[in-house]
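Data first, discussion second: the structure below is written as structure tokens.
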Amino acid sequence: MNKGDYLSELHRHLMDMPVAERDSAMRFYMEYFDDAGAENEQTVMLQLGTPRQLADQLRSEMGATRRAATSSEEGGTAPGKRGWRWWTWGLVILASPVLAGLAAAGFGLLIGLLAVVFSLLLVMIIVVFLPMLVSASLVICGVFSLFTGSLLMWREFATALYFVGTGLVALGGGALLFQPSVRVLQGGFRQVFKCSGWIVRKLRNPWKRKGAV
Amino acid sequence: MSFPISAQLLDACVLAIVARGETYGYELTQRIKQAFEVSESTLYPVLRRLQQDGCLEAYDQPFQGRNRRYYRITPGGEHKLAAHRREWAAFEASVVQILFGGMEP
């Protein structure tokens with residue numbers, strides 16, 4: 001373990017301290033290592049104990065100081081702190097209708113945003129499928145029209161002709177549309193996959209830029 | 001040293017050292033360690049408490065490309081140190097009286 005490891009572990013063990021106190025203690029021991037010199041690094045660590053022991057000791061001694069300060073007449077800071085804490089809770093309770101409203105609004109906004117994102121995805125999928133769908137339905141309609149026309153051929157010739165013609169037009173249109181729709185489907189799927197991948201990444205880490213990965 | 005060091009005595013010694021000249025954490029710790037067997041980790045809480053009580057002031061001064069935190073005594077600290085000295089003298093006198101009373105030097 002070197003100085004850096006020791007100090008970062010100490011920092012981790014002091015996480016439950018107020019920020020100002022933690023910073024001040026960290027500052028002291030950082031300087032302590034610096035002043036002891038690199039050659040005494042291991043000795044200092046040995047004498048300070050493990051980061052955990054040091055953190056526990058600091059916490060208990062500072063806690064003792066705070067208790068002593070609270071019980072003496074001069075210790076004005078600790079009761080003040082307690083008062084502040086009391087006030088904060090009071091304010092939180094008083095503000096709870098507003099806070100609840102804000103939280104609900106935020107939640108609603110989030111759900112709405114998700115809904116918009118997913119409906120956009122759905123629209124994209126539909127748009128990708130649309131040409132294929134049109135092509136397929138044209139072919140099916142054409143086949144049915146031809147079939148109907150052929151059944152009517154000996155009874156109502158004009159109507160049969162109309163059905164056959166319409167069927168042929170539909171079949172032709174469907175066939176014509178088939179090739180491009182396949183291409184749209186392939187390209188579109190790739191885009192949808194890319195886009196949903198992007199959305200998932202954004203949802204996981206909204207602030208990360210692609211370049212900063 | 002087999003006698004336990006009280007927090008008050010440690011406070012008094014830290015104040016006395018700082019009163020003799022401005023000093024920084026590592027140096028202070030080394031000097032205290034010359035007199036008592038204290039763990040290196042106990043000095044920081046003492047310094048912090050003395051600062052909170054208004055007996056010491058900390059200030060930063062550049063040293064070899066970084067800032068070093070020095071401590072100096074305040075008028076309140078001087079006052080407290082004088083009280084500690086009086087109490088120590090009385091304490092010492094009574095202990096000496098019991099331990100060595102009636103013995104010829």
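Identifiers in the structure tokens: chain A, B, ... in order shown; residue index from 1 per chain; ligand index from 1 in order shown.
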*Mind listing the alpha helix (DSSP H) residues of segment 52-90 of chain B, per DSSP on the backbone, as a PyMOL selection string?*
chain B and resi 52+75-90
Could the residues in this selection be saved with N, CA, C and O atoms as a PDB file, in the first residue's frame?
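As written to disk, selection-v1.pdb reads:
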ATOM      1  N   GLN B  52     -11.524  24.938  17.227  1.00  0.00           N
ATOM      2  CA  GLN B  52     -12.944  25.209  17.422  1.00  0.00           C
ATOM      3  C   GLN B  52     -13.184  26.025  18.685  1.00  0.00           C
ATOM      4  O   GLN B  52     -14.097  26.843  18.735  1.00  0.00           O
ATOM      5  N   PRO B  75      -5.046  35.070  21.358  1.00  0.00           N
ATOM      6  CA  PRO B  75      -5.069  35.613  22.732  1.00  0.00           C
ATOM      7  C   PRO B  75      -5.854  34.705  23.676  1.00  0.00           C
ATOM      8  O   PRO B  75      -5.430  34.479  24.822  1.00  0.00           O
ATOM      9  N   GLY B  76      -6.963  34.169  23.180  1.00  0.00           N
ATOM     10  CA  GLY B  76      -7.741  33.223  23.996  1.00  0.00           C
ATOM     11  C   GLY B  76      -6.913  32.006  24.364  1.00  0.00           C
ATOM     12  O   GLY B  76      -6.993  31.500  25.490  1.00  0.00           O
ATOM     13  N   GLY B  77      -6.115  31.541  23.398  1.00  0.00           N
ATOM     14  CA  GLY B  77      -5.258  30.387  23.641  1.00  0.00           C
ATOM     15  C   GLY B  77      -4.198  30.691  24.681  1.00  0.00           C
ATOM     16  O   GLY B  77      -3.897  29.855  25.542  1.00  0.00           O
ATOM     17  N   GLU B  78      -3.633  31.907  24.615  1.00  0.00           N
ATOM     18  CA  GLU B  78      -2.624  32.327  25.602  1.00  0.00           C
ATOM     19  C   GLU B  78      -3.229  32.309  27.007  1.00  0.00           C
ATOM     20  O   GLU B  78      -2.606  31.838  27.973  1.00  0.00           O
ATOM     21  N   HIS B  79      -4.425  32.799  27.068  1.00  0.00           N
ATOM     22  CA  HIS B  79      -5.156  32.861  28.328  1.00  0.00           C
ATOM     23  C   HIS B  79      -5.327  31.458  28.889  1.00  0.00           C
ATOM     24  O   HIS B  79      -5.039  31.185  30.057  1.00  0.00           O
ATOM     25  N   LYS B  80      -5.773  30.557  28.026  1.00  0.00           N
ATOM     26  CA  LYS B  80      -6.007  29.168  28.412  1.00  0.00           C
ATOM     27  C   LYS B  80      -4.695  28.500  28.837  1.00  0.00           C
ATOM     28  O   LYS B  80      -4.651  27.761  29.827  1.00  0.00           O
ATOM     29  N   LEU B  81      -3.627  28.806  28.088  1.00  0.00           N
ATOM     30  CA  LEU B  81      -2.324  28.209  28.402  1.00  0.00           C
ATOM     31  C   LEU B  81      -1.861  28.646  29.797  1.00  0.00           C
ATOM     32  O   LEU B  81      -1.348  27.834  30.584  1.00  0.00           O
ATOM     33  N   ALA B  82      -2.063  29.932  30.104  1.00  0.00           N
ATOM     34  CA  ALA B  82      -1.675  30.435  31.433  1.00  0.00           C
ATOM     35  C   ALA B  82      -2.436  29.688  32.523  1.00  0.00           C
ATOM     36  O   ALA B  82      -1.859  29.281  33.552  1.00  0.00           O
ATOM     37  N   ALA B  83      -3.739  29.456  32.271  1.00  0.00           N
ATOM     38  CA  ALA B  83      -4.550  28.723  33.252  1.00  0.00           C
ATOM     39  C   ALA B  83      -4.022  27.297  33.411  1.00  0.00           C
ATOM     40  O   ALA B  83      -3.894  26.786  34.536  1.00  0.00           O
ATOM     41  N   HIS B  84      -3.716  26.651  32.249  1.00  0.00           N
ATOM     42  CA  HIS B  84      -3.179  25.283  32.304  1.00  0.00           C
ATOM     43  C   HIS B  84      -1.880  25.253  33.109  1.00  0.00           C
ATOM     44  O   HIS B  84      -1.639  24.326  33.883  1.00  0.00           O
ATOM     45  N   ARG B  85      -1.044  26.263  32.922  1.00  0.00           N
ATOM     46  CA  ARG B  85       0.251  26.284  33.627  1.00  0.00           C
ATOM     47  C   ARG B  85       0.038  26.392  35.133  1.00  0.00           C
ATOM     48  O   ARG B  85       0.694  25.714  35.918  1.00  0.00           O
ATOM     49  N   ARG B  86      -0.894  27.263  35.516  1.00  0.00           N
ATOM     50  CA  ARG B  86      -1.178  27.417  36.952  1.00  0.00           C
ATOM     51  C   ARG B  86      -1.691  26.103  37.537  1.00  0.00           C
ATOM     52  O   ARG B  86      -1.238  25.644  38.575  1.00  0.00           O
ATOM     53  N   GLU B  87      -2.625  25.464  36.791  1.00  0.00           N
ATOM     54  CA  GLU B  87      -3.184  24.210  37.286  1.00  0.00           C
ATOM     55  C   GLU B  87      -2.115  23.133  37.380  1.00  0.00           C
ATOM     56  O   GLU B  87      -2.082  22.356  38.337  1.00  0.00           O
ATOM     57  N   TRP B  88      -1.246  23.114  36.377  1.00  0.00           N
ATOM     58  CA  TRP B  88      -0.177  22.103  36.392  1.00  0.00           C
ATOM     59  C   TRP B  88       0.754  22.319  37.575  1.00  0.00           C
ATOM     60  O   TRP B  88       1.128  21.365  38.262  1.00  0.00           O
ATOM     61  N   ALA B  89       1.100  23.572  37.825  1.00  0.00           N
ATOM     62  CA  ALA B  89       2.017  23.866  38.931  1.00  0.00           C
ATOM     63  C   ALA B  89       1.415  23.409  40.266  1.00  0.00           C
ATOM     64  O   ALA B  89       2.101  22.777  41.088  1.00  0.00           O
ATOM     65  N   ALA B  90       0.111  23.681  40.425  1.00  0.00           N
ATOM     66  CA  ALA B  90      -0.556  23.268  41.673  1.00  0.00           C
ATOM     67  C   ALA B  90      -0.601  21.750  41.771  1.00  0.00           C
ATOM     68  O   ALA B  90      -0.297  21.158  42.822  1.00  0.00           O
TER      69      ALA B  90
END
*Taking the backbone alone, and naming residues the way the document does, which bits of chain B are strand (DSSP E or B) by DSSP, as number ranges by chain?*
B: 23-24, 56-63, 66-73
Per residue of chain A within 9 Å of chain B, what are the shortest atom pair and its distance in Å to one decimal, counting only C-alpha atoms, with rows by chain and residue number, as a Markdown table?
| residue | atom | partner | partner_atom | distance |
| --- | --- | --- | --- | --- |
| A:Ser24 | CA | B:Arg48 | CA | 8.9 |
| A:Ala25 | CA | B:Tyr44 | CA | 7.4 |
| A:Arg27 | CA | B:Arg69 | CA | 8.8 |
| A:Phe28 | CA | B:Gly25 | CA | 7.1 |
| A:Tyr29 | CA | B:Tyr44 | CA | 8.5 |
| A:Glu31 | CA | B:Arg68 | CA | 6.9 |
| A:Tyr32 | CA | B:Tyr26 | CA | 5.3 |
| A:Phe33 | CA | B:Tyr26 | CA | 8.3 |
| A:Asp34 | CA | B:Tyr26 | CA | 9.0 |
| A:Asp35 | CA | B:Tyr26 | CA | 6.2 |
| A:Ala36 | CA | B:Tyr26 | CA | 6.8 |
| A:Val44 | CA | B:Glu40 | CA | 8.1 |
| A:Gln47 | CA | B:Glu40 | CA | 6.2 |
| A:Leu48 | CA | B:Ser41 | CA | 5.5 |
| A:Gly49 | CA | B:Ser41 | CA | 8.2 |
| A:Leu54 | CA | B:Ser41 | CA | 6.6 |
| A:Gln57 | CA | B:Ser41 | CA | 7.8 |
| A:Leu58 | CA | B:Pro45 | CA | 6.7 |
| A:Glu61 | CA | B:Pro45 | CA | 6.5 |
| A:Met62 | CA | B:Pro45 | CA | 6.4 |
| A:Thr65 | CA | B:Arg49 | CA | 7.0 |
| A:Glu74 | CA | B:Asp53 | CA | 8.7 |
| A:Gly75 | CA | B:Asp53 | CA | 8.7 |
Let me see the file: selected residues, N, CA and C atoms, as a PDB file, in the first residue's frame.
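Saved file result-v5.pdb follows:
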ATOM      1  N   SER A  24     -11.068  18.627   5.886  1.00  0.00           N
ATOM      2  CA  SER A  24     -10.049  19.139   6.788  1.00  0.00           C
ATOM      3  C   SER A  24      -9.150  18.002   7.282  1.00  0.00           C
ATOM      4  N   ALA A  25      -9.746  16.872   7.645  1.00  0.00           N
ATOM      5  CA  ALA A  25      -8.941  15.739   8.113  1.00  0.00           C
ATOM      6  C   ALA A  25      -8.068  15.191   6.989  1.00  0.00           C
ATOM      7  N   ARG A  27      -6.938  16.770   4.440  1.00  0.00           N
ATOM      8  CA  ARG A  27      -5.901  17.761   4.210  1.00  0.00           C
ATOM      9  C   ARG A  27      -4.747  17.570   5.205  1.00  0.00           C
ATOM     10  N   PHE A  28      -5.129  17.369   6.478  1.00  0.00           N
ATOM     11  CA  PHE A  28      -4.123  17.212   7.526  1.00  0.00           C
ATOM     12  C   PHE A  28      -3.242  16.006   7.240  1.00  0.00           C
ATOM     13  N   TYR A  29      -3.861  14.852   6.924  1.00  0.00           N
ATOM     14  CA  TYR A  29      -3.056  13.641   6.756  1.00  0.00           C
ATOM     15  C   TYR A  29      -2.289  13.648   5.435  1.00  0.00           C
ATOM     16  N   GLU A  31      -0.941  16.332   4.164  1.00  0.00           N
ATOM     17  CA  GLU A  31       0.236  17.137   4.496  1.00  0.00           C
ATOM     18  C   GLU A  31       1.182  16.374   5.401  1.00  0.00           C
ATOM     19  N   TYR A  32       0.602  15.601   6.289  1.00  0.00           N
ATOM     20  CA  TYR A  32       1.408  14.832   7.218  1.00  0.00           C
ATOM     21  C   TYR A  32       2.345  13.903   6.463  1.00  0.00           C
ATOM     22  N   PHE A  33       1.776  13.220   5.457  1.00  0.00           N
ATOM     23  CA  PHE A  33       2.602  12.336   4.618  1.00  0.00           C
ATOM     24  C   PHE A  33       3.664  13.133   3.878  1.00  0.00           C
ATOM     25  N   ASP A  34       3.250  14.278   3.330  1.00  0.00           N
ATOM     26  CA  ASP A  34       4.200  15.101   2.574  1.00  0.00           C
ATOM     27  C   ASP A  34       5.356  15.541   3.458  1.00  0.00           C
ATOM     28  N   ASP A  35       5.037  15.984   4.681  1.00  0.00           N
ATOM     29  CA  ASP A  35       6.069  16.501   5.571  1.00  0.00           C
ATOM     30  C   ASP A  35       6.954  15.380   6.120  1.00  0.00           C
ATOM     31  N   ALA A  36       6.370  14.180   6.261  1.00  0.00           N
ATOM     32  CA  ALA A  36       7.179  13.059   6.745  1.00  0.00           C
ATOM     33  C   ALA A  36       8.197  12.649   5.690  1.00  0.00           C
ATOM     34  N   VAL A  44       5.037   5.970   8.728  1.00  0.00           N
ATOM     35  CA  VAL A  44       3.855   6.763   9.085  1.00  0.00           C
ATOM     36  C   VAL A  44       2.606   5.904   9.038  1.00  0.00           C
ATOM     37  N   GLN A  47       2.375   3.703  11.980  1.00  0.00           N
ATOM     38  CA  GLN A  47       2.039   4.377  13.229  1.00  0.00           C
ATOM     39  C   GLN A  47       0.607   4.900  13.242  1.00  0.00           C
ATOM     40  N   LEU A  48       0.106   5.246  12.069  1.00  0.00           N
ATOM     41  CA  LEU A  48      -1.280   5.738  12.015  1.00  0.00           C
ATOM     42  C   LEU A  48      -2.276   4.590  12.125  1.00  0.00           C
ATOM     43  N   GLY A  49      -1.843   3.369  11.855  1.00  0.00           N
ATOM     44  CA  GLY A  49      -2.768   2.240  11.830  1.00  0.00           C
ATOM     45  C   GLY A  49      -3.400   2.121  10.457  1.00  0.00           C
ATOM     46  N   LEU A  54      -7.805   4.335  11.697  1.00  0.00           N
ATOM     47  CA  LEU A  54      -7.660   5.789  11.825  1.00  0.00           C
ATOM     48  C   LEU A  54      -9.014   6.470  11.697  1.00  0.00           C
ATOM     49  N   GLN A  57     -11.041   5.970  14.771  1.00  0.00           N
ATOM     50  CA  GLN A  57     -10.542   6.788  15.879  1.00  0.00           C
ATOM     51  C   GLN A  57     -10.950   8.257  15.709  1.00  0.00           C
ATOM     52  N   LEU A  58     -10.782   8.766  14.476  1.00  0.00           N
ATOM     53  CA  LEU A  58     -11.153  10.158  14.218  1.00  0.00           C
ATOM     54  C   LEU A  58     -12.627  10.360  14.515  1.00  0.00           C
ATOM     55  N   GLU A  61     -13.264  10.245  18.300  1.00  0.00           N
ATOM     56  CA  GLU A  61     -12.757  11.420  19.035  1.00  0.00           C
ATOM     57  C   GLU A  61     -13.525  12.678  18.673  1.00  0.00           C
ATOM     58  N   MET A  62     -13.888  12.804  17.412  1.00  0.00           N
ATOM     59  CA  MET A  62     -14.651  13.980  17.016  1.00  0.00           C
ATOM     60  C   MET A  62     -16.052  13.919  17.586  1.00  0.00           C
ATOM     61  N   THR A  65     -15.758  14.985  21.089  1.00  0.00           N
ATOM     62  CA  THR A  65     -15.611  16.436  21.170  1.00  0.00           C
ATOM     63  C   THR A  65     -16.960  17.109  21.013  1.00  0.00           C
ATOM     64  N   GLU A  74     -20.381  26.605  26.701  1.00  0.00           N
ATOM     65  CA  GLU A  74     -19.822  27.377  25.594  1.00  0.00           C
ATOM     66  C   GLU A  74     -20.156  26.783  24.236  1.00  0.00           C
ATOM     67  N   GLY A  75     -20.544  25.493  24.235  1.00  0.00           N
ATOM     68  CA  GLY A  75     -20.726  24.827  22.945  1.00  0.00           C
ATOM     69  C   GLY A  75     -21.990  25.266  22.252  1.00  0.00           C
TER      70      GLY A  75
END
_Two-atom distance - atom CA of Leu28 of chain B, atom CA of Val96 of chain B (Å)_ = 28.8 Å
*asked:* Which residues are close to segment 11-20 of chain B, i.e. within 6 Å by only C-alpha atoms, leaving aside same-chain residues fewer than 2 positions away? Reply as an MDAnalysis selection string.
replied: chainID B and resid 8:9 22 72:73 84
*So how far away is atom CA of Asp5 of chain A from atom CA of Glu37 of chain B, in Å?*
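Value for the atom CA of Glu37 of chain B-atom CA of Asp5 of chain A distance: 26.9 Å.
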